[in-house]
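Listing of query06.cif, mmCIF, C-alpha atoms
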data_entry
#
loop_
_atom_site.label_atom_id
_atom_site.label_comp_id
_atom_site.auth_asym_id
_atom_site.auth_seq_id
_atom_site.Cartn_x
_atom_site.Cartn_y
_atom_site.Cartn_z
CA MET A 1 149.68 107.06 41.40
CA ASN A 2 148.79 110.66 40.49
CA LEU A 3 151.31 113.25 39.30
CA GLN A 4 151.30 115.25 42.53
CA SER A 5 152.35 112.19 44.53
CA LYS A 6 155.09 111.39 42.04
CA ILE A 7 156.41 114.94 42.24
CA GLU A 8 156.47 114.82 46.06
CA ILE A 9 158.33 111.49 46.12
CA LEU A 10 160.85 112.20 43.38
CA ALA A 11 161.59 115.79 44.41
CA GLU A 12 162.30 114.52 47.95
CA SER A 13 164.64 111.86 46.55
CA ALA A 14 166.55 114.46 44.52
CA LYS A 15 167.34 116.86 47.36
CA TYR A 16 170.67 115.27 48.27
CA ASP A 17 172.29 116.26 44.99
CA VAL A 18 173.80 119.73 45.42
CA SER A 19 175.52 120.16 42.03
CA CYS A 20 172.69 122.14 40.48
CA SER A 21 174.09 125.61 39.81
CA SER A 22 172.41 127.17 36.80
CA SER A 23 175.09 129.68 35.79
CA GLY A 24 177.37 129.74 32.78
CA SER A 25 175.12 129.16 29.78
CA GLU A 26 174.20 131.70 27.09
CA ARG A 27 171.43 130.13 25.02
CA ASN A 28 169.67 133.18 23.52
CA ALA A 29 165.96 133.49 22.85
CA LYS A 30 164.73 132.07 19.53
CA LYS A 31 161.65 132.85 17.51
CA GLY A 32 158.91 130.29 18.07
CA MET A 33 160.56 128.87 21.23
CA ILE A 34 159.97 129.50 24.92
CA GLY A 35 162.66 130.68 27.35
CA ASN A 36 166.36 131.46 27.22
CA THR A 37 169.44 131.14 29.39
CA ALA A 38 171.13 134.42 28.45
CA LEU A 39 171.49 136.69 31.45
CA PRO A 40 169.17 137.43 33.13
CA GLY A 41 167.33 134.38 31.74
CA ILE A 42 168.20 132.32 34.80
CA CYS A 43 167.52 133.90 38.17
CA HIS A 44 169.38 132.46 41.15
CA SER A 45 167.37 131.63 44.22
CA TRP A 46 168.96 129.74 47.11
CA SER A 47 167.44 128.00 50.08
CA SER A 48 168.74 128.53 53.62
CA ASP A 49 170.96 125.44 53.35
CA GLY A 50 172.63 126.70 50.18
CA ARG A 51 170.75 124.64 47.62
CA CYS A 52 169.50 126.15 44.40
CA ILE A 53 165.71 126.39 44.18
CA SER A 54 165.36 128.16 40.85
CA LEU A 55 165.27 124.84 38.98
CA LEU A 56 162.80 121.99 38.93
CA LYS A 57 165.13 119.56 40.68
CA ILE A 58 163.70 116.10 40.32
CA LEU A 59 164.48 112.44 39.63
CA MET A 60 163.02 110.59 36.68
CA SER A 61 162.80 107.52 38.91
CA ASN A 62 163.96 106.43 42.36
CA ASN A 63 163.58 102.73 41.52
CA CYS A 64 167.28 101.86 41.43
CA VAL A 65 168.96 98.57 40.54
CA TYR A 66 172.09 99.54 42.50
CA ASP A 67 172.54 99.10 46.25
CA CYS A 68 174.97 101.89 47.18
CA ALA A 69 175.28 101.97 50.97
CA TYR A 70 175.10 105.77 51.27
CA CYS A 71 172.12 106.32 48.95
CA VAL A 72 168.55 106.70 50.13
CA ASN A 73 167.33 105.31 46.78
CA ARG A 74 169.26 102.04 46.99
CA ARG A 75 167.29 98.94 46.02
CA SER A 76 167.35 97.41 49.52
CA ASN A 77 165.73 100.47 51.11
CA ASP A 78 162.06 100.08 51.98
CA PHE A 79 160.27 103.27 50.93
CA ARG A 80 157.86 104.56 48.31
CA ARG A 81 158.98 104.22 44.71
CA ALA A 82 157.83 106.21 41.71
CA SER A 83 158.78 106.88 38.10
CA PHE A 84 157.88 109.45 35.45
CA THR A 85 157.47 108.80 31.78
CA PRO A 86 159.40 111.18 29.50
CA GLU A 87 156.09 112.71 28.37
CA GLU A 88 154.98 113.40 31.95
CA LEU A 89 158.26 115.13 32.84
CA ALA A 90 158.23 117.24 29.69
CA ASP A 91 154.65 118.38 30.38
CA ILE A 92 155.40 119.17 34.05
CA THR A 93 158.48 121.21 33.12
CA MET A 94 156.59 123.27 30.56
CA ASN A 95 153.62 123.86 32.87
CA PHE A 96 155.88 124.92 35.76
CA TYR A 97 157.91 127.20 33.51
CA LYS A 98 154.85 128.92 32.04
CA ARG A 99 153.56 129.55 35.58
CA ASN A 100 156.93 131.09 36.53
CA TYR A 101 157.51 128.44 39.20
CA ILE A 102 160.92 127.55 37.77
CA GLU A 103 163.64 128.92 35.53
CA GLY A 104 164.98 125.58 34.30
CA LEU A 105 165.21 121.83 34.80
CA PHE A 106 167.72 119.76 36.79
CA LEU A 107 167.06 116.13 35.88
CA SER A 108 168.68 113.13 37.47
CA SER A 109 167.59 109.54 37.96
CA ALA A 110 168.24 106.31 39.76
CA VAL A 111 169.50 103.57 37.45
CA ILE A 112 166.42 101.93 35.88
CA ARG A 113 167.14 98.46 34.42
CA ASN A 114 170.64 99.51 33.27
CA PRO A 115 172.65 102.72 32.62
CA ASP A 116 171.94 102.81 28.87
CA TYR A 117 168.17 102.51 29.27
CA THR A 118 168.14 105.23 31.95
CA MET A 119 170.20 107.58 29.79
CA GLU A 120 167.88 106.98 26.82
CA GLN A 121 164.85 107.94 28.90
CA MET A 122 166.50 111.16 30.11
CA ILE A 123 167.54 112.07 26.57
CA LYS A 124 163.95 111.57 25.45
CA VAL A 125 162.78 114.13 28.06
CA ALA A 126 165.27 116.71 26.78
CA GLN A 127 164.42 115.88 23.17
CA LEU A 128 160.69 116.35 23.80
CA LEU A 129 161.34 119.70 25.49
CA ARG A 130 163.65 121.05 22.80
CA GLU A 131 162.08 119.68 19.62
CA GLU A 132 158.38 119.24 20.35
CA LYS A 133 157.64 121.69 23.16
CA GLY A 134 159.89 124.45 21.81
CA TYR A 135 161.63 124.85 25.17
CA ASN A 136 164.80 126.93 24.91
CA GLY A 137 165.48 127.35 28.63
CA TYR A 138 168.06 125.82 30.93
CA ILE A 139 168.49 122.04 31.23
CA HIS A 140 170.99 120.31 33.51
CA LEU A 141 171.24 116.55 32.94
CA LYS A 142 172.92 114.13 35.31
CA ALA A 143 174.79 111.65 33.13
CA ILE A 144 174.58 108.02 34.23
CA PRO A 145 177.93 106.30 34.96
CA GLY A 146 178.39 103.28 32.74
CA ALA A 147 176.18 104.58 29.91
CA ASP A 148 177.48 104.35 26.36
CA HIS A 149 179.58 107.34 25.29
CA LYS A 150 177.36 107.92 22.24
CA LEU A 151 174.38 108.39 24.55
CA ILE A 152 176.38 110.78 26.76
CA GLU A 153 177.33 112.76 23.66
CA THR A 154 173.74 112.89 22.41
CA ALA A 155 172.61 114.19 25.80
CA GLY A 156 175.27 116.90 25.63
CA TYR A 157 173.65 118.45 22.56
CA TYR A 158 170.37 118.93 24.44
CA ALA A 159 171.74 119.97 27.85
CA ASP A 160 173.26 123.26 28.96
CA ARG A 161 175.22 121.56 31.71
CA MET A 162 176.00 117.94 32.59
CA SER A 163 177.35 116.33 35.72
CA LEU A 164 178.63 112.96 36.89
CA ASN A 165 179.02 112.52 40.63
CA LEU A 166 182.20 110.91 41.95
CA GLU A 167 180.57 110.85 45.43
CA VAL A 168 183.51 109.04 47.13
CA PRO A 169 187.09 110.34 46.66
CA THR A 170 188.94 107.01 46.46
CA GLN A 171 188.35 103.81 44.49
CA ASN A 172 188.77 101.60 47.57
CA ASN A 173 186.04 103.36 49.52
CA LEU A 174 183.80 103.54 46.45
CA GLN A 175 184.17 99.80 45.98
CA LEU A 176 183.28 99.28 49.63
CA LEU A 177 180.16 101.48 49.62
CA ALA A 178 179.02 101.09 45.99
CA PRO A 179 180.36 97.78 44.64
CA GLU A 180 178.46 98.15 41.32
CA LYS A 181 180.34 101.38 40.51
CA THR A 182 183.93 102.17 39.59
CA GLN A 183 185.71 105.50 39.29
CA GLU A 184 186.64 104.57 35.73
CA ALA A 185 182.94 104.34 34.81
CA ILE A 186 182.52 107.91 36.11
CA THR A 187 185.69 109.58 34.86
CA SER A 188 185.59 107.99 31.39
CA PRO A 189 182.41 109.79 30.24
CA MET A 190 183.72 112.97 31.95
CA LEU A 191 186.80 112.79 29.77
CA HIS A 192 184.68 112.12 26.69
CA VAL A 193 182.58 115.24 27.35
CA LYS A 194 185.74 117.29 27.97
CA ASN A 195 187.32 116.08 24.72
CA LYS A 196 184.16 116.86 22.76
CA ILE A 197 184.02 120.39 24.21
CA ASP A 198 187.69 120.88 23.25
CA GLU A 199 187.04 119.56 19.76
CA LEU A 200 184.12 121.93 19.11
CA ALA A 201 186.02 124.88 20.57
CA HIS A 202 188.12 124.99 17.38
CA TYR A 203 185.05 125.70 15.26
CA ASN A 204 183.30 129.01 14.71
CA LYS A 205 179.94 129.20 16.49
CA ARG A 206 178.21 129.60 13.14
CA GLU A 207 179.66 126.27 12.00
CA ILE A 208 178.04 124.38 14.89
CA SER A 209 174.37 123.52 14.46
CA LYS A 210 173.85 122.83 18.18
CA PRO A 211 175.89 123.93 21.20
CA PHE A 212 177.44 121.10 23.20
CA VAL A 213 177.20 121.43 27.00
CA PRO A 214 177.77 125.23 26.82
CA ALA A 215 177.82 125.57 30.62
CA GLY A 216 180.36 122.76 31.08
CA GLN A 217 180.26 119.85 33.51
CA THR A 218 180.43 119.41 37.27
CA THR A 219 180.77 116.70 39.89
CA GLN A 220 179.99 116.14 43.58
CA LEU A 221 181.92 114.63 46.50
CA MET A 222 180.53 113.50 49.85
CA VAL A 223 182.25 114.88 52.94
CA GLY A 224 182.38 112.75 56.07
CA ALA A 225 180.96 109.44 54.83
CA THR A 226 184.45 107.92 54.59
CA ASN A 227 187.79 108.38 56.31
CA ASP A 228 189.23 110.36 53.38
CA SER A 229 191.11 113.46 54.52
CA ASP A 230 190.66 117.01 53.25
CA LEU A 231 194.06 116.64 51.58
CA THR A 232 192.80 113.66 49.54
CA ILE A 233 189.65 115.56 48.56
CA MET A 234 191.60 118.68 47.56
CA HIS A 235 194.08 116.72 45.45
CA LEU A 236 191.20 114.99 43.66
CA SER A 237 189.42 118.31 43.05
CA GLU A 238 192.61 119.88 41.71
CA ARG A 239 193.09 116.94 39.35
CA MET A 240 189.49 117.18 38.14
CA TYR A 241 189.85 120.90 37.38
CA LYS A 242 193.07 120.37 35.44
CA GLN A 243 192.35 117.12 33.62
CA MET A 244 188.57 117.35 33.08
CA LYS A 245 188.28 121.15 33.04
CA LEU A 246 185.25 120.98 35.33
CA LYS A 247 183.28 124.14 36.02
CA ARG A 248 182.70 123.21 39.64
CA VAL A 249 183.34 120.52 42.20
CA TYR A 250 180.55 120.47 44.77
CA TYR A 251 180.97 119.21 48.32
CA SER A 252 178.05 117.65 50.14
CA ALA A 253 178.17 117.17 53.91
CA TYR A 254 177.29 113.56 54.67
CA ILE A 255 173.83 113.15 56.13
CA PRO A 256 173.23 109.74 57.77
CA VAL A 257 170.00 108.95 55.90
CA VAL A 258 170.82 105.23 55.98
CA LYS A 259 170.29 103.65 59.39
CA ASP A 260 172.07 100.66 60.93
CA ASN A 261 174.82 100.36 58.33
CA ASN A 262 178.19 99.48 59.83
CA LEU A 263 179.99 100.73 56.70
CA LEU A 264 178.90 104.31 57.41
CA PRO A 265 179.34 106.56 60.44
CA ALA A 266 176.21 106.97 62.55
CA GLN A 267 177.13 110.61 63.18
CA VAL A 268 179.71 113.06 61.79
CA ASP A 269 181.12 115.98 63.78
CA THR A 270 180.46 119.41 62.23
CA PRO A 271 179.97 118.12 58.65
CA LEU A 272 178.56 121.45 57.42
CA LEU A 273 181.54 123.41 58.78
CA ARG A 274 183.92 121.00 57.08
CA GLU A 275 181.94 121.37 53.85
CA HIS A 276 182.25 125.16 54.19
CA ARG A 277 186.03 124.98 54.63
CA LEU A 278 186.33 122.79 51.52
CA TYR A 279 184.35 125.31 49.48
CA GLN A 280 186.66 128.08 50.72
CA ALA A 281 189.71 126.02 49.76
CA ASP A 282 188.14 125.21 46.39
CA TRP A 283 187.80 128.96 45.77
CA LEU A 284 191.53 129.34 46.50
CA LEU A 285 192.33 126.65 43.93
CA ARG A 286 190.21 128.22 41.20
CA PHE A 287 190.75 131.95 41.67
CA TYR A 288 193.76 132.50 43.92
CA LYS A 289 196.27 130.20 42.16
CA PHE A 290 196.88 128.06 45.24
CA ASN A 291 197.83 124.39 44.91
CA ALA A 292 196.41 121.60 47.05
CA HIS A 293 199.86 120.68 48.43
CA GLU A 294 200.29 124.26 49.66
CA LEU A 295 197.07 124.28 51.66
CA LEU A 296 197.52 120.95 53.42
CA THR A 297 200.30 118.49 54.20
CA LYS A 298 200.54 114.82 55.18
CA GLU A 299 201.39 115.98 58.70
CA ALA A 300 198.27 118.21 58.81
CA PRO A 301 195.85 116.63 56.28
CA ASN A 302 192.66 118.39 57.46
CA PHE A 303 191.64 122.04 57.64
CA ASP A 304 191.45 123.82 60.98
CA PRO A 305 187.71 124.29 61.66
CA LEU A 306 188.41 127.58 63.47
CA LEU A 307 190.30 129.24 60.61
CA ASP A 308 189.52 129.68 56.95
CA PRO A 309 192.09 127.92 54.71
CA LYS A 310 193.76 131.15 53.57
CA CYS A 311 194.44 132.34 57.13
CA ASN A 312 195.55 128.84 58.04
CA TRP A 313 198.07 128.88 55.17
CA ALA A 314 199.31 132.36 56.18
CA LEU A 315 199.97 131.26 59.76
CA LEU A 316 201.80 128.13 58.59
CA HIS A 317 203.99 130.35 56.37
CA TYR A 318 204.30 133.36 58.66
CA ASP A 319 207.98 133.65 57.74
CA LYS A 320 206.87 134.98 54.30
CA PHE A 321 205.24 138.01 55.94
CA PRO A 322 204.91 140.97 56.29
CA ILE A 323 204.54 141.90 52.60
CA GLU A 324 204.98 145.45 51.35
CA ILE A 325 201.63 146.40 49.84
CA ASN A 326 203.21 148.85 47.38
CA ARG A 327 205.54 146.32 45.75
CA ALA A 328 203.81 142.90 45.77
CA ASP A 329 202.37 141.63 42.51
CA TYR A 330 198.69 140.75 42.06
CA TYR A 331 198.93 137.05 42.95
CA LEU A 332 201.10 137.71 45.98
CA LEU A 333 198.51 140.22 47.20
CA LEU A 334 195.85 137.52 46.86
CA ARG A 335 197.71 135.41 49.41
CA ILE A 336 197.34 138.05 52.12
CA PRO A 337 194.40 137.37 54.46
CA GLY A 338 191.76 140.06 54.12
CA ILE A 339 192.57 140.83 50.47
CA GLY A 340 190.40 139.39 47.70
CA PRO A 341 190.47 139.69 43.89
CA THR A 342 188.55 142.99 43.81
CA SER A 343 190.66 144.77 46.44
CA ALA A 344 193.87 143.31 44.94
CA ARG A 345 192.98 144.76 41.53
CA ARG A 346 192.22 148.14 43.10
CA ILE A 347 195.58 148.14 44.88
CA VAL A 348 197.50 147.29 41.69
CA GLU A 349 195.65 149.91 39.64
CA THR A 350 195.83 152.72 42.23
CA ARG A 351 199.48 152.41 43.22
CA ARG A 352 200.48 153.21 39.63
CA PHE A 353 199.75 156.81 40.54
CA ALA A 354 200.71 157.01 44.23
CA TYR A 355 202.06 154.98 47.13
CA LEU A 356 199.28 153.57 49.28
CA ASN A 357 199.00 154.03 53.02
CA PHE A 358 196.98 152.21 55.66
CA GLU A 359 193.98 154.54 55.33
CA ASP A 360 193.83 154.01 51.56
CA LEU A 361 193.37 150.27 52.05
CA LYS A 362 190.15 150.82 54.03
CA LYS A 363 188.58 152.52 51.01
CA MET A 364 189.50 149.59 48.75
CA GLY A 365 187.59 146.96 50.70
CA VAL A 366 190.56 145.34 52.44
CA VAL A 367 189.57 143.57 55.70
CA LEU A 368 192.17 145.29 57.86
CA LYS A 369 191.33 143.29 60.97
CA ARG A 370 193.06 140.40 59.22
CA ALA A 371 195.39 142.08 56.76
CA GLN A 372 197.14 144.37 59.28
CA HIS A 373 199.05 141.40 60.73
CA PHE A 374 200.55 140.47 57.36
CA ILE A 375 201.33 143.73 55.51
CA LEU A 376 203.57 146.78 55.40
CA CYS A 377 202.43 150.18 54.15
CA LYS A 378 205.38 152.39 53.16
CA GLY A 379 207.55 150.26 55.43
CA LYS A 380 205.24 150.58 58.45
CA PHE A 381 203.72 147.61 60.23
CA TYR A 382 200.31 148.11 61.87
CA GLY A 383 199.93 144.70 63.47
CA GLN A 384 201.34 143.41 66.74
CA LYS A 385 205.12 143.13 66.96
CA ASN A 386 206.65 139.78 68.06
CA ILE A 387 203.21 138.23 68.40
CA ARG A 388 202.95 134.52 69.12
CA ILE A 389 201.23 132.43 66.45
CA GLU A 390 198.78 131.01 69.02
CA LEU A 391 197.62 134.49 70.02
CA LEU A 392 197.45 135.68 66.41
CA LYS A 393 195.21 132.72 65.65
CA GLN A 394 192.92 133.81 68.48
CA LEU A 395 192.86 137.38 67.15
CA LEU A 396 191.89 136.18 63.67
CA THR A 397 189.01 134.08 64.98
CA SER A 398 187.66 136.47 67.61
CA ASN A 399 185.15 139.31 67.41
CA ASN A 400 186.01 142.93 68.19
CA ARG A 401 185.22 142.69 71.92
CA GLN A 402 187.27 139.51 72.29
CA THR A 403 190.13 141.14 70.37
CA ASP A 404 190.19 144.13 72.75
CA GLN A 405 190.20 141.79 75.73
CA LEU A 406 193.08 139.74 74.29
CA LEU A 407 195.15 142.84 73.62
CA ASN A 408 194.46 144.33 77.05
CA ASN A 409 195.47 141.09 78.75
CA GLN A 410 198.70 140.93 76.70
CA ILE A 411 199.54 144.66 76.67
CA ASN A 412 203.00 144.12 78.12
CA LEU A 413 204.07 141.97 75.15
CA PHE A 414 203.40 144.44 72.35
CA ASN A 415 204.09 147.93 71.16
CA LEU A 416 200.75 149.12 69.79
CA TYR A 417 202.27 151.88 67.64
CA PRO A 418 203.23 151.35 64.00
CA GLN A 419 206.65 149.75 63.61
CA THR A 420 209.14 150.81 60.93
CA PHE A 421 210.67 147.82 59.17
CA ASP A 422 213.85 147.59 57.14
CA LYS A 423 212.99 148.24 53.48
CA THR A 424 214.83 145.07 52.49
CA LEU A 425 212.06 142.94 54.02
CA ARG A 426 210.33 140.53 51.67
CA ALA A 427 207.83 142.34 49.42
#
Can you present the structure in this file as structure tokens?
Amino acid sequence: MNLQSKIEILAESAKYDVSCSSSGSERNAKKGMIGNTALPGICHSWSSDGRCISLLKILMSNNCVYDCAYCVNRRSNDFRRASFTPEELADITMNFYKRNYIEGLFLSSAVIRNPDYTMEQMIKVAQLLREEKGYNGYIHLKAIPGADHKLIETAGYYADRMSLNLEVPTQNNLQLLAPEKTQEAITSPMLHVKNKIDELAHYNKREISKPFVPAGQTTQLMVGATNDSDLTIMHLSERMYKQMKLKRVYYSAYIPVVKDNNLLPAQVDTPLLREHRLYQADWLLRFYKFNAHELLTKEAPNFDPLLDPKCNWALLHYDKFPIEINRADYYLLLRIPGIGPTSARRIVETRRFAYLNFEDLKKMGVVLKRAQHFILCKGKFYGQKNIRIELLKQLLTSNNRQTDQLLNNQINLFNLYPQTFDKTLRA
């Protein structure tokens, strides 16, 4: 089989892995070596479905010994198989990089023979690139669950970023769909990488001969392949961020690539929208100081597809609003729909010199269509007084024309002029 055919087969097999962000590493240019990852060493290019295309994203082999029900590369699947040698992959990467086709390498693999052998082959690719080819650019290696920790550690000295995919949120469902895998086999090397990063963090950079996974580690979860709720997924993500210090948790909408399998759903309703809501909630966990138990409850374990998670939380806790914009601290401002980190910082910095009014917020990037229903400006409320939650939900999900129609139809319920609230209201 020629190289072009191998590339076509193995690039196709790799497309279902979405955890391939190339940000976060700062490997500077070195004399006698090719490439670097210091900004702007890695350019970010994204396909229409959100997947990164700036990297050579490819499998070393799709000839897998495992038979995971959800995986297109499982051993029982009847389709074309191919494998690269380490030398072939190293040559392809260098040739593509020199032609400016790629900015880095994302290398994964099916399990060939056993996890240790597969990990050894992937390490050899990275070793050839770094030590023989003089490649100093970005490398993302997918660690193989079950591989020896010493091999995982060796790979970490060659890679900028590593990832191990959990795929399924719970052990029971993982055992059902992938009986050869366990969550322990995935989380154990994750913890080893995290501990090694923590250990080296105590040293001065000059004391370390090689950086160890400078861009951190990530994982991926499938959405919709099992009956796991959004609450279960969010709790797992929160635990991974706290315990493993992951850079990212990626969410992949389940695509039914496996036919006639009674363990998997034949079709999933709006999987991409659900994936989008999970990414929005993930952002709230990482940057807005929300907790998973705040966003969802056992009574309502899944996100509303019509509302983003922040608006959904605000409506569930409408008794906490309105909030006086001139007195709330930074993290309380972040909980107001329509206010993000940038506009919250501008508000905090500007109000040191003067009280803000409604017009000032427009200049700071606040989305007033949302925020007006949850804020006070100098004690004045610019939303709709005594509004029902059901109608407010419609207002938050409608466009401008629909909003006007809703207000016109409900004109007798509201006073459209600013309302003055008691200054003792919650700020």
Practice item. Please evaluate the PyMOL selection byres ((chain A and resi 313) around 10) against the displayed coordinates and give the resulting residues as a list in words. Key: Glu294, Leu295, Leu296, Phe303, Leu307, Asp308, Pro309, Lys310, Cys311, Asn312, Ala314, Leu315, Leu316, His317, Tyr318, Arg335, Ile336 and Pro337 of chain A
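What separates atom CA of A:Leu89 from atom CA of A:Glu153 is a distance of 21.3 Å.
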Check your understanding: Could you write out as number ranges by chain the residues that the PyMOL selection byres ((chain A and resi 106) around 6) matches in the shown file?
Key -> A: 56-57, 105, 107, 140
Point to revise | Surrounding residues of stretch 328-330 of chain A excluding itself and chain neighbours under 4 positions, 9 Å, all atoms listed in the file, as an NGL selection string | key: :A and (323-324 or 334 or 341 or 344-345 or 347-348 or 427)
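Proximity of A:Leu392, A:Ile139, A:Ala371, A:Val366 to A:Gln127, computed with all atoms listed in the file, is greatest for A:Ile139.
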Practice item. Skip A:Glu12 itself and residues of its chain fewer than 5 positions away, then list as a count of residues only all residues within 9 Å of it, counting only C-alpha atoms. Key: 3
**Study point:** Atomic distance atom CA of A:Val249 - atom CA of A:Pro305, expressed in Å with one decimal
**Key:** 20.3 Å
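For the atom pair formed by atom CA of A:Leu128 and atom CA of A:Asp91, the distance is 9.2 Å, given to one decimal.
Distance check against A:Lys196 using only C-alpha atoms: of A:Thr154, A:Leu129, A:Leu176, A:Arg113, the minimum falls on A:Thr154.
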Check your understanding: So which residues get picked by the PyMOL selection byres ((chain A and resi 372) around 12) here, written as a PyMOL selection string?
Key -> chain A and resi 321-325+336-339+357-359+361-362+366-371+373-377+380-385+392+395-396+418-419
